[in-house]
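Asks: File name run_33.tsv; file contents TSV, C-alpha atoms; full text below.
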chain	number	residue	atom	x	y	z
D	9	MET	CA	65.79	22.50	123.64
D	10	GLU	CA	62.36	23.16	125.12
D	11	ALA	CA	62.99	26.89	124.81
D	12	VAL	CA	63.74	26.46	121.10
D	13	LYS	CA	60.56	24.45	120.57
D	14	LYS	CA	58.49	27.06	122.37
D	15	PHE	CA	60.06	30.07	120.63
D	16	PHE	CA	59.59	28.68	117.12
D	17	LYS	CA	56.24	27.02	117.96
D	18	LEU	CA	57.38	23.68	116.58
D	19	GLU	CA	54.63	21.58	118.19
D	20	GLU	CA	51.89	23.96	117.03
D	21	ARG	CA	53.24	23.66	113.50
D	22	GLY	CA	53.42	19.88	113.62
D	23	THR	CA	57.18	19.57	113.25
D	24	THR	CA	60.24	18.54	115.27
D	25	VAL	CA	63.72	19.83	115.91
D	26	MET	CA	65.24	17.05	113.76
D	27	THR	CA	62.87	17.78	110.88
D	28	GLU	CA	63.77	21.46	111.03
D	29	PHE	CA	67.47	20.60	111.21
D	30	ARG	CA	67.26	18.45	108.08
D	31	GLY	CA	65.25	21.13	106.32
D	32	GLY	CA	67.74	23.82	107.31
D	33	LEU	CA	70.71	21.73	106.21
D	34	ALA	CA	69.09	20.91	102.86
D	35	THR	CA	68.27	24.60	102.36
D	36	PHE	CA	71.85	25.60	103.14
D	37	LEU	CA	73.33	23.06	100.74
D	38	SER	CA	70.85	24.07	98.04
D	39	MET	CA	71.80	27.73	98.49
D	40	ALA	CA	75.53	27.26	99.04
D	41	TYR	CA	76.18	27.64	95.31
D	42	ILE	CA	75.44	31.35	95.81
D	43	LEU	CA	78.69	31.66	97.79
D	44	ALA	CA	80.56	30.78	94.60
D	45	VAL	CA	78.29	32.13	91.87
D	46	ASN	CA	77.47	35.58	93.28
D	47	PRO	CA	81.14	36.57	93.85
D	48	ARG	CA	82.12	35.19	90.45
D	49	ILE	CA	79.45	37.23	88.66
D	50	LEU	CA	80.16	40.43	90.59
D	51	ALA	CA	83.93	40.05	90.14
D	52	ASP	CA	83.37	39.91	86.37
D	53	SER	CA	82.49	43.61	86.62
D	54	GLY	CA	86.10	44.26	87.57
D	55	GLY	CA	85.01	45.82	90.85
D	56	PRO	CA	87.30	48.65	91.91
D	57	CYS	CA	90.20	47.23	89.86
D	58	ASP	CA	91.51	49.97	87.56
D	59	PRO	CA	93.18	48.83	84.32
D	60	ALA	CA	95.35	51.99	84.49
D	61	ASP	CA	97.15	50.43	87.45
D	62	TYR	CA	98.02	47.35	85.39
D	63	GLY	CA	99.30	48.71	82.09
D	64	ASP	CA	95.84	49.66	80.79
D	65	SER	CA	95.09	45.99	80.19
D	66	ILE	CA	92.14	44.05	81.56
D	67	PHE	CA	93.95	40.83	80.66
D	68	SER	CA	97.22	41.49	82.53
D	69	PRO	CA	98.23	39.15	85.38
D	70	GLY	CA	97.97	42.04	87.84
D	71	TYR	CA	94.39	42.80	86.83
D	72	GLU	CA	93.49	39.10	87.00
D	73	GLU	CA	94.95	38.91	90.52
D	74	CYS	CA	92.99	42.01	91.55
D	75	MET	CA	89.78	40.40	90.29
D	76	GLU	CA	90.58	37.25	92.25
D	77	ASP	CA	91.00	39.32	95.43
D	78	VAL	CA	87.67	41.02	94.75
D	79	LYS	CA	85.98	37.66	94.27
D	80	ARG	CA	87.29	36.30	97.55
D	81	GLN	CA	86.16	39.40	99.42
D	82	MET	CA	82.76	39.07	97.77
D	83	ILE	CA	82.54	35.52	99.16
D	84	THR	CA	82.91	36.86	102.70
D	85	ALA	CA	80.41	39.64	102.03
D	86	THR	CA	77.89	37.19	100.53
D	87	ALA	CA	78.19	34.89	103.54
D	88	LEU	CA	77.73	37.75	106.03
D	89	VAL	CA	74.69	39.11	104.19
D	90	SER	CA	73.11	35.64	104.05
D	91	ILE	CA	73.71	35.04	107.77
D	92	PHE	CA	72.29	38.43	108.76
D	93	GLY	CA	69.21	38.19	106.52
D	94	THR	CA	68.34	34.63	107.49
D	95	LEU	CA	68.76	35.32	111.22
D	96	LEU	CA	66.47	38.33	110.97
D	97	MET	CA	63.85	36.29	109.12
D	98	GLY	CA	63.98	33.50	111.69
D	99	LEU	CA	64.21	35.53	114.89
D	100	THR	CA	61.92	38.45	114.05
D	101	ALA	CA	59.41	37.01	111.57
D	102	ASN	CA	59.63	33.40	112.84
D	103	LEU	CA	59.42	32.09	109.29
D	104	PRO	CA	61.43	29.17	107.82
D	105	ILE	CA	62.76	31.23	104.91
D	106	ALA	CA	66.45	31.62	104.09
D	107	LEU	CA	67.60	34.89	102.53
D	108	SER	CA	70.64	35.66	100.41
D	109	THR	CA	71.71	37.85	97.51
D	110	GLY	CA	69.49	38.26	94.44
D	111	MET	CA	70.82	36.03	91.67
D	112	GLY	CA	69.09	37.90	88.85
D	113	MET	CA	70.11	41.31	90.13
D	114	ASN	CA	73.83	40.55	90.26
D	115	ALA	CA	73.97	39.47	86.62
D	116	TYR	CA	72.11	42.62	85.55
D	117	PHE	CA	74.49	44.72	87.68
D	118	THR	CA	77.59	43.18	86.11
D	119	TYR	CA	76.75	42.54	82.49
D	120	ASP	CA	74.20	45.28	81.72
D	121	VAL	CA	75.13	48.14	84.04
D	122	VAL	CA	78.89	48.05	84.75
D	123	GLY	CA	79.80	45.75	81.89
D	124	TRP	CA	82.23	42.85	81.73
D	125	ARG	CA	85.47	44.02	83.37
D	126	GLY	CA	84.13	47.56	83.47
D	127	GLY	CA	83.35	47.76	79.78
D	128	GLY	CA	79.91	49.36	80.22
D	129	ASP	CA	78.83	52.99	80.26
D	130	ILE	CA	78.44	53.23	84.06
D	131	ALA	CA	81.37	53.09	86.48
D	132	TYR	CA	81.44	50.53	89.27
D	133	SER	CA	81.27	53.25	91.97
D	134	GLN	CA	78.23	54.82	90.29
D	135	ALA	CA	76.44	51.48	90.09
D	136	MET	CA	77.21	50.77	93.76
D	137	SER	CA	75.75	54.16	94.67
D	138	ALA	CA	72.59	53.32	92.72
D	139	VAL	CA	72.29	50.03	94.64
D	140	ALA	CA	72.69	51.86	97.97
D	141	VAL	CA	70.03	54.43	97.05
D	142	GLU	CA	67.69	51.69	95.82
D	143	GLY	CA	68.13	49.83	99.09
D	144	ALA	CA	67.27	52.91	101.12
D	145	ILE	CA	64.16	53.59	99.00
D	146	PHE	CA	63.01	49.97	99.28
D	147	PHE	CA	63.51	50.03	103.07
D	148	ILE	CA	61.34	53.15	103.37
D	149	LEU	CA	58.65	51.64	101.15
D	150	ALA	CA	58.67	48.44	103.22
D	151	ILE	CA	58.39	50.01	106.70
D	152	THR	CA	55.70	52.49	105.62
D	153	GLY	CA	53.55	49.86	103.94
D	154	ALA	CA	53.78	51.59	100.58
D	155	ARG	CA	55.46	48.52	99.08
D	156	GLY	CA	52.26	46.49	99.42
D	157	ALA	CA	50.21	49.21	97.78
D	158	ILE	CA	52.66	49.44	94.87
D	159	VAL	CA	52.64	45.67	94.39
D	160	LYS	CA	48.86	45.72	94.07
D	161	LEU	CA	49.17	48.25	91.24
D	162	ILE	CA	51.26	45.80	89.19
D	163	PRO	CA	49.06	43.61	86.98
D	164	GLU	CA	48.63	40.12	88.39
D	165	PRO	CA	50.06	38.33	85.30
D	166	VAL	CA	53.24	40.41	85.63
D	167	ARG	CA	53.53	39.60	89.35
D	168	TYR	CA	53.34	35.88	88.61
D	169	ALA	CA	55.54	36.04	85.52
D	170	THR	CA	58.42	37.94	87.16
D	171	PRO	CA	59.51	35.26	89.69
D	172	ALA	CA	58.91	32.56	87.08
D	173	GLY	CA	61.19	34.40	84.67
D	174	ILE	CA	63.87	34.74	87.33
D	175	GLY	CA	63.51	31.01	88.03
D	176	PHE	CA	64.07	30.17	84.36
D	177	PHE	CA	67.07	32.48	84.36
D	178	LEU	CA	68.60	30.66	87.35
D	179	ALA	CA	67.89	27.29	85.74
D	180	HIS	CA	69.66	28.50	82.60
D	181	LEU	CA	72.66	29.53	84.73
D	182	GLY	CA	72.74	26.11	86.34
D	183	LEU	CA	72.82	24.40	82.95
D	184	GLN	CA	75.75	26.50	81.74
D	185	THR	CA	79.40	25.89	82.54
D	186	ALA	CA	80.40	29.01	84.50
D	187	GLU	CA	77.85	28.34	87.24
D	188	GLY	CA	76.59	24.86	86.39
D	189	ILE	CA	77.13	21.55	84.62
D	190	GLY	CA	77.69	22.75	81.05
D	191	VAL	CA	74.75	21.05	79.32
D	192	VAL	CA	73.82	24.33	77.59
D	193	VAL	CA	76.46	26.20	75.53
D	194	GLY	CA	76.49	28.98	72.95
D	195	ASP	CA	75.54	28.60	69.31
D	196	ILE	CA	75.90	31.07	66.44
D	197	ALA	CA	72.60	30.17	64.80
D	198	THR	CA	70.31	29.36	67.74
D	199	ALA	CA	72.01	31.26	70.61
D	200	VAL	CA	72.03	28.13	72.80
D	201	THR	CA	72.45	24.44	72.06
D	202	LEU	CA	73.44	21.12	73.63
D	203	GLY	CA	76.99	21.10	74.99
D	204	GLY	CA	78.66	18.99	77.64
D	205	CYS	CA	82.07	18.87	75.98
D	206	PRO	CA	85.33	18.74	78.02
D	207	LEU	CA	87.62	21.76	78.36
D	208	GLU	CA	89.92	20.82	75.47
D	209	ASN	CA	86.97	20.67	73.03
D	210	ARG	CA	85.62	24.14	73.80
D	211	THR	CA	85.94	26.97	71.28
D	212	PRO	CA	85.47	30.41	72.91
D	213	MET	CA	83.01	32.77	71.25
D	214	VAL	CA	84.38	36.29	70.74
D	215	ALA	CA	83.10	39.78	70.04
D	216	TYR	CA	84.06	40.16	66.38
D	217	ASP	CA	84.61	43.91	66.24
D	218	ASP	CA	87.17	46.00	64.30
D	219	ALA	CA	89.92	45.33	66.86
D	220	CYS	CA	89.32	41.59	66.58
D	221	ALA	CA	89.12	41.58	62.79
D	222	ASN	CA	92.06	43.89	62.06
D	223	LEU	CA	94.38	43.63	65.06
D	224	GLY	CA	93.60	40.17	66.38
D	225	ILE	CA	92.63	41.62	69.78
D	226	CYS	CA	89.45	39.68	70.49
D	227	VAL	CA	87.45	39.89	73.71
D	228	THR	CA	86.39	36.43	74.88
D	229	SER	CA	83.98	35.39	77.60
D	230	ASP	CA	82.79	32.25	79.39
D	231	ASN	CA	80.53	31.54	76.43
D	232	TYR	CA	81.81	28.85	74.07
D	233	THR	CA	80.64	26.30	71.52
D	234	CYS	CA	81.23	22.57	71.15
D	235	ASP	CA	80.44	22.53	67.43
D	236	VAL	CA	84.01	23.09	66.18
D	237	GLU	CA	85.99	20.50	68.15
D	238	LYS	CA	82.99	18.22	68.71
D	239	GLY	CA	82.81	16.05	71.84
D	240	LYS	CA	79.25	16.90	72.87
D	241	MET	CA	78.10	15.19	76.07
D	242	THR	CA	81.51	13.63	76.71
D	243	GLY	CA	82.55	15.93	79.56
D	244	ALA	CA	83.00	14.17	82.91
D	245	THR	CA	81.85	17.20	84.91
D	246	THR	CA	78.60	17.31	82.96
D	247	TRP	CA	77.88	13.68	83.66
D	248	ILE	CA	78.72	13.87	87.34
D	249	GLY	CA	76.19	16.69	87.58
D	250	ILE	CA	73.56	14.61	85.77
D	251	VAL	CA	74.29	11.59	87.98
D	252	GLY	CA	73.94	13.76	91.07
D	253	GLY	CA	70.58	15.00	89.86
D	254	LEU	CA	69.37	11.48	89.07
D	255	LEU	CA	70.51	10.29	92.50
D	256	MET	CA	68.36	12.94	94.17
D	257	VAL	CA	65.35	12.02	92.00
D	258	ILE	CA	65.70	8.30	92.81
D	259	LEU	CA	66.06	8.95	96.54
D	260	MET	CA	63.02	11.25	96.47
D	261	ALA	CA	61.05	8.51	94.69
D	262	TYR	CA	61.90	6.20	97.62
D	263	ARG	CA	60.86	9.00	100.02
D	264	VAL	CA	64.34	9.42	101.49
D	265	LYS	CA	64.06	12.60	103.55
D	266	SER	CA	67.67	13.66	102.99
D	267	ALA	CA	67.63	13.14	99.21
D	268	PHE	CA	68.87	16.63	98.37
D	269	ILE	CA	71.57	16.51	101.04
D	270	VAL	CA	72.90	13.14	99.84
D	271	GLY	CA	72.98	14.22	96.19
D	272	ILE	CA	74.71	17.54	96.84
D	273	VAL	CA	77.26	16.03	99.23
D	274	PHE	CA	77.98	13.19	96.77
D	275	VAL	CA	78.83	15.54	93.89
D	276	THR	CA	80.73	17.95	96.14
D	277	VAL	CA	82.98	15.38	97.79
D	278	ILE	CA	83.83	13.68	94.49
D	279	SER	CA	85.03	17.01	93.07
D	280	TRP	CA	87.54	17.35	95.93
D	281	PHE	CA	89.75	14.43	94.81
D	282	LYS	CA	92.78	15.62	92.85
D	283	GLY	CA	93.91	13.86	89.69
D	284	THR	CA	90.41	13.03	88.39
D	285	ASP	CA	88.44	14.30	85.40
D	286	VAL	CA	85.96	16.03	87.71
D	287	SER	CA	88.40	17.55	90.21
D	288	TYR	CA	87.91	21.22	91.04
D	289	PHE	CA	91.66	21.48	91.55
D	290	GLU	CA	92.82	20.51	88.06
D	291	ASP	CA	93.66	23.12	85.39
D	292	ASP	CA	92.52	20.88	82.54
D	293	VAL	CA	89.09	20.42	84.13
D	294	TYR	CA	88.13	23.92	85.27
D	295	ASP	CA	89.34	27.12	83.64
D	296	ILE	CA	87.77	29.65	85.99
D	297	GLY	CA	90.63	31.97	86.90
D	298	GLY	CA	93.66	31.11	89.01
D	299	SER	CA	95.48	27.79	88.85
D	300	GLY	CA	94.11	24.56	90.20
D	301	GLU	CA	96.95	24.43	92.71
D	302	SER	CA	96.14	27.91	94.02
D	303	ARG	CA	92.50	26.86	94.47
D	304	TYR	CA	93.69	23.78	96.36
D	305	GLU	CA	95.95	25.81	98.65
D	306	TYR	CA	93.07	28.19	99.37
D	307	PHE	CA	90.74	25.24	99.99
D	308	LYS	CA	93.16	23.67	102.49
D	309	GLN	CA	92.81	26.67	104.79
D	310	VAL	CA	89.24	25.46	105.50
D	311	VAL	CA	88.33	28.77	107.14
D	312	LYS	CA	89.59	32.17	106.07
D	313	ILE	CA	87.81	35.48	106.58
D	314	GLU	CA	88.84	37.91	103.89
D	315	PRO	CA	88.98	41.67	104.52
D	316	LEU	CA	86.35	43.85	102.86
D	317	ASP	CA	88.50	46.88	102.11
D	318	MET	CA	88.24	46.54	98.31
D	319	ILE	CA	84.44	46.35	98.12
D	320	THR	CA	83.31	48.78	100.81
D	321	GLY	CA	83.12	52.54	100.44
D	322	GLU	CA	83.18	52.38	96.62
D	323	TYR	CA	80.49	55.01	96.11
D	324	SER	CA	80.09	58.08	93.93
D	325	SER	CA	77.91	61.19	94.05
D	326	ASP	CA	77.68	61.16	90.25
D	327	PHE	CA	74.36	59.55	89.29
D	328	GLY	CA	74.49	60.43	85.62
D	329	GLY	CA	73.04	57.65	83.46
D	330	VAL	CA	71.99	55.37	86.33
D	331	ALA	CA	68.26	56.21	86.35
D	332	THR	CA	67.29	53.12	84.33
D	333	ALA	CA	69.49	50.87	86.46
D	334	LEU	CA	68.06	52.37	89.66
D	335	PHE	CA	64.49	51.75	88.49
D	336	THR	CA	65.32	48.17	87.46
D	337	PHE	CA	66.98	47.41	90.81
D	338	LEU	CA	63.91	48.74	92.65
D	339	TYR	CA	61.44	46.85	90.46
D	340	VAL	CA	63.21	43.49	90.79
D	341	ASP	CA	63.40	43.89	94.58
Give the structure from this file in structure tokens form.

Replies:
Amino acid sequence: MEAVKKFFKLEERGTTVMTEFRGGLATFLSMAYILAVNPRILADSGGPCDPADYGDSIFSPGYEECMEDVKRQMITATALVSIFGTLLMGLTANLPIALSTGMGMNAYFTYDVVGWRGGGDIAYSQAMSAVAVEGAIFFILAITGARGAIVKLIPEPVRYATPAGIGFFLAHLGLQTAEGIGVVVGDIATAVTLGGCPLENRTPMVAYDDACANLGICVTSDNYTCDVEKGKMTGATTWIGIVGGLLMVILMAYRVKSAFIVGIVFVTVISWFKGTDVSYFEDDVYDIGGSGESRYEYFKQVVKIEPLDMITGEYSSDFGGVATALFTFLYVD
């Protein structure tokens, strides 16, 4: 223990091992949502899943199963990247900063570059190649010191506004249903509005194109409205999220040091009980791909390391049309 204190200079920094442990645990629990959200967003791109292998349908059971496999492999990859980055930050820079995947970048990658289930203009392998090239460029800029010089060239208001904008984006994700508590939902007139309705009161919003209007083949998404079936702010999952947030605020007001930990654990554990209106393992509570029973069977394994064969090596030498994406990746980093 003395070696740990000396290496991380705990006494010089006016802290203790227990304080750092609580801080690390709170940071982990606050970031753990990334293990679910990042794979879910990236899997929405379809990954390497080819509709041609499943009857040319992105809605076939086979394609859905392929996407589920991609998502689970992405969970393993996200965890490994987070472990590696955080260890490097702690052991080499000696800074109490946890690192993980970029939550703004993944949404841009999926919905603007590759497109939902591969519906964009750039193939998944091309986009992955652009990410790899961007990473190599950023590494070179960082080790040569050029990154600092480039940052100074960016106007100060833009430097301050960029992380604030990403923060608002993440807050918006947390208030939605796919990655949050469902307080914010879609609206035809105002884009977003108050939601919080249960699953049975949600009306999916569709892309009303020629195929939808003439053939009845409508592409849906996670976006929905509560205006048709009503039931705003009656969803149990929304309220358990609000209660969890209020619990953390109250504990912080009483200066409870583990306020965030207690609040997160409270909401998490409650969602594990089957047969309730907030259970993660019930089909009529969460419609997020796969059955509730399959999620429960996967959960019971406690620990399972998925292979990475579906998400590694998916690169292409064709960089046509990825210049804008490459620049955006580099700028956000």

Asks: Skipping near chain neighbours, those fewer than 2 positions away, what residues fall within 9 Å of Ile83 of chain D using only C-alpha atoms, listed as a list in words?

Replies: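 Those residues are Ile42, Leu43, Ala44, Asn46, Pro47, Arg48, Val78, Lys79, Arg80, Gln81, Ala85, Thr86, Ala87, Leu88 and Glu314 of chain D.
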
Asks: Once you count only C-alpha atoms, which residues end up no further than 10 Å from (77.5, 40.9, 86.4) in the file's frame, shown as a compact mmCIF listing (two decimals) with C-alpha atoms, in the coordinates of the input?

Replies:
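Done, and the output landed in result-v8.txt:
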# COMPACT_ATOMS: atom_id res chain seq x y z
CA ASN D 46 77.47 35.58 93.28
CA PRO D 47 81.14 36.57 93.85
CA ARG D 48 82.12 35.19 90.45
CA ILE D 49 79.45 37.23 88.66
CA LEU D 50 80.16 40.43 90.59
CA ALA D 51 83.93 40.05 90.14
CA ASP D 52 83.37 39.91 86.37
CA SER D 53 82.49 43.61 86.62
CA GLY D 54 86.10 44.26 87.57
CA MET D 111 70.82 36.03 91.67
CA GLY D 112 69.09 37.90 88.85
CA MET D 113 70.11 41.31 90.13
CA ASN D 114 73.83 40.55 90.26
CA ALA D 115 73.97 39.47 86.62
CA TYR D 116 72.11 42.62 85.55
CA PHE D 117 74.49 44.72 87.68
CA THR D 118 77.59 43.18 86.11
CA TYR D 119 76.75 42.54 82.49
CA ASP D 120 74.20 45.28 81.72
CA VAL D 121 75.13 48.14 84.04
CA VAL D 122 78.89 48.05 84.75
CA GLY D 123 79.80 45.75 81.89
CA TRP D 124 82.23 42.85 81.73
CA ARG D 125 85.47 44.02 83.37
CA GLY D 126 84.13 47.56 83.47

Asks: From the set D:Val311, D:Leu95, D:Leu161, D:Val236, which residue has the shortest atom-to-atom contact distance to Ile196 of chain D, counting all atoms listed in the file?

Replies: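 Counting all atoms listed in the file, the residue closest to Ile196 of chain D is D:Val236.
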
Asks: Calculate how many Å separate atom CA of Arg30 of chain D from atom CA of Ser266 of chain D, rounding to one decimal.

Replies: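 Computed distance, atom CA of Arg30 of chain D to atom CA of Ser266 of chain D, equals 7.0 Å.
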
Asks: Can you tell me which residues surround Gly190 of chain D at a distance of at most 7 Å, considering all atoms listed in the file, apart from same-chain residues fewer than 5 positions away, and format the answer as a list of chain:residue names?

Replies: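 Here the answer would be D:Leu183, D:Gln184, D:Thr185, D:Gly203, D:Gly204, D:Thr246.
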
Asks: Can you measure atom CA of Phe274 of chain D to atom CA of Thr242 of chain D for me? One decimal in Å is fine.

Replies: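 Result for atom CA of Phe274 of chain D versus atom CA of Thr242 of chain D: 20.4 Å, one decimal.
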